[in-house]
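Asks: To start, I am sharing the structure in question, which I have written as structure tokens.
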Amino acid sequence: DYAAIIFVCMHIDFRKQDAVWGSGIPTCVSRPCTPMPVYPNDTAVITSYTFKGVTYSYSDGQLLTQLLSNGTFRPGDNIQISCKPDLMGSSQTASCMSGGSWSPVTMDCSPGYCGGVSVPPTVANAQSNATFGNTSWEGASLAFTCNTNYSVGGLPNGSVSFVISCINSSWTSFAHLNCRPTACSSLPPGLGNSSLYSSLNLEQELQTGLPASGVQVDDSLSYECRPGFVRTTQNRRLSIFCRLGDRWEPDVPGPCQLLNCSQPDAIVLQPQAARMTVINASFNFANSSHLPYTSLVRLSCEEPYFAMPGSSELAVCGLSDGDPPAAVWRSVGSNVAFSCRKHCNNSLLAQLVGFGLVDFPTSSYTDPDRVANVTCLSNAFAPLAANVSLQSDSQFLLQAVCTAGDWTVLNQLLLPTSETLCQPKPCLLPTNLTRSTAVPSNNLGNVTTGDGQVYLPVNSTVEVKCWPNSRFVDAYASSWTATCELGPQWSSGGSMNCQPIACPDSQFGAGIDPSVLVGPLNATTMTGAVAGPFFIGDQVAFVCRENASSSGYVRLNCTAGPNFTGVWQPNIGPPYCP
């Protein structure tokens with residue numbers, strides 16, 4: 001570790017003097033340490049150094065560079081090395097050792113914890129794994145995968161994974177990324193020909209099946225068979241619940257099956273006598289031996305057979321009263337089965353028409369299948385016939401067919417024969433009134449029309465009330481009851497319109513003598529003549545004339561008097577110009 005010392009004996013003349021050693025004996029020093037080629041680097045920096053017992057900050061970098069390059073560090077000197085500010089790791093000291101080498105230094109500098117938290121974030125119902133770096137260091141990324149049967153937002157066919165990263169000491173936002181139970185996106189078997197209803201609206205049928213967002217876990221759907229279909233086990237409205245894994249509970253108890261009626265008994269029991277004609281089969285059945293729900297047929301007898309009294313020739317495929325219901329034939333207008341044949345009494349139809357004229361066939365008794373024309377009078381309308389204008393005086397033609405002793409209206413398929421064909425036209429609820437309001441008072445119901453207005457049937461009553469401080473235009477009253485009568489017209493005893501109650505515009509009361517008082521004037525400024533009409537709440541003023549015995553004025557207020565009249569009320573009593 002030290003340089004060799006060589007002593008030289010100088011040449012001398014021994015005959016003259018003694019020999020001597022040469023001068024300039026050198027001094028031995030330690031070998032300097034070589035420069036450190038590793039630091040600073042990408043992860044660690046030199047923070048301070050000690051040279052000849054004096055510690056220097058790395059801010060004096062130029063001196064450090066000169067010392068390192070010149071190799072002037074000696075044993076006992078040292079250099080302090082630390083991780084860069086954005087990395088974590090312990091500081092270490094490199095010491096210059098005898099022999100000219102530095103003590104070994106191994107720096108372990110790693111990225112810092114994200115946000116200072118050593119535990120990586122978690123997401124409910126999801127698993128994570130690091131895709132880059134330590135799971136909680138700056139620059140790290142975490143990939144989350146939702147658990148089985150979970151998805152982001154719970155959407156059907158939605159994403160099941162997402163990645164977050166630690167940037168600038170914070171994790172990228174993932175509050176909106178949540179793993180929820182995946183909604184049910186497919187319907188269970190057995191719901192064909194069923195009407196579906198969401199738990200959010202049990203009255204509005206889902207027209208397009210399940211919504212795009214599916215049905216959330218533990219939410220429910222209600223279902224029932226469509227008209228004309230029946231479930232043979234339970235036919236009432238039922239509910240199913242979405243469960244985890246796109247499952248539904250409980251199971252649907254079987255499919256909805258189309259209801260159809262076999263041939264009526266009359267056709268089966270009397271094939272040689274009875275005949276069936278299909279009028280409006282709901283479906284195109286190639287075989288008429290089984291007809292679907294709502295099919296309408298006409299039954300008749302072949303000659304020489306005739307329909308027995310009490311028979312009903314029109315029959316519809318309907319539902320029985322049981323649960324689940326069955327398809328059964330129901331006669332139209334009667335519950336008597338068909339058996340063959342009877343005439344219709346003209347007087348019966350005339351009695352039912354009421355507000356119409358009947359054009360009968362020639363005979364007083366009409367054979368079955370004969371049609372009578374019925375015309376409603378101008379003050380009547382056909383309530384169950386389509387597109388009838390209630391306010392029009394145009395007549396509407398109805399037709400009734402004689403079916404086994406009963407008249408059935410052809411214009412309305414299932415109109416019972418006990419219903420009146422023509423009814424009195426209803427009255428339009430008064431709405432465009434002047435300073436008054438009409439409110440129904442005996443609740444006989446409304447007549448439904450297609451024009452959006454409200455009609456009340458004959459004998460309905462409304463209570464008409466004038467606005468405050470008003471009376472009827474032709475009566476000293478503020479309310480009365482009006483009744484809907486034939487015509488149609490409202491019978492109220494007078495006009496339903498009202499007018500404001502007014503005070504006299506020429507008679508202002510006792511003591512208001514034009515020879516003494518000037519007026520009426522504007523009550524606010526006591527100037528300027530004003531003219532009526534004067535309503536409740538109005539004010540006028542009268543001022544004493546110059547030739548009056550004294551000056552002054554009187555202010556008159558228009559107030560409500562007896563029997564819906566207006567009277568003037570002075571602010572002082574007479575005499576006004578004493």
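Quick note on naming: the chains in the structure tokens go A, B, ... in the order shown, residues restart at 1 in each chain, and ligands are numbered from 1 in order of appearance.
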Give me the residues near Glu224 of chain A as a PyMOL selection string, where near means some atom within 8 Å (using only C-alpha atoms) and where sequence neighbours in that chain fewer than 5 positions away do not count.
Replies: chain A and resi 194-196+235-238
Asks: Rank A:Leu429, A:Val543, A:Cys503, A:Ala273 by their smallest atom-to-atom distance to Val518 of chain A, using only C-alpha atoms, and report the top residue only.
Replies: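 Counting only C-alpha atoms, the residue closest to Val518 of chain A is A:Val543.
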Asks: Please provide the set of residues having any atom within 7 Å of Pro75 of chain A, restricted to only C-alpha atoms, with same-chain residues fewer than 3 positions apart removed, written as a list in words.
Replies: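 Everything that qualifies: Cys96, Met97 and Ser98 of chain A.
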Asks: So, with only C-alpha atoms as the atoms that count, which of A:Val316, A:Cys256, A:Leu87, A:Ile501 lies closest to Ile279 of chain A?
Replies: A:Val316
Asks: Can you list, as a list in words, every protein, DNA or RNA residue that comes within 6 Å of Ile240 of chain A when you count only C-alpha atoms, leaving out same-chain residues fewer than 6 positions away?
Replies: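 Here the answer would be Ser220, Leu221, Glu249 and Pro250 of chain A.
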Asks: Have a look at atom CA of Asn41 of chain A and atom CA of Cys166 of chain A and let me know their distance in Å, one decimal.
Replies: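 Result for atom CA of Asn41 of chain A versus atom CA of Cys166 of chain A: 23.7 Å, one decimal.
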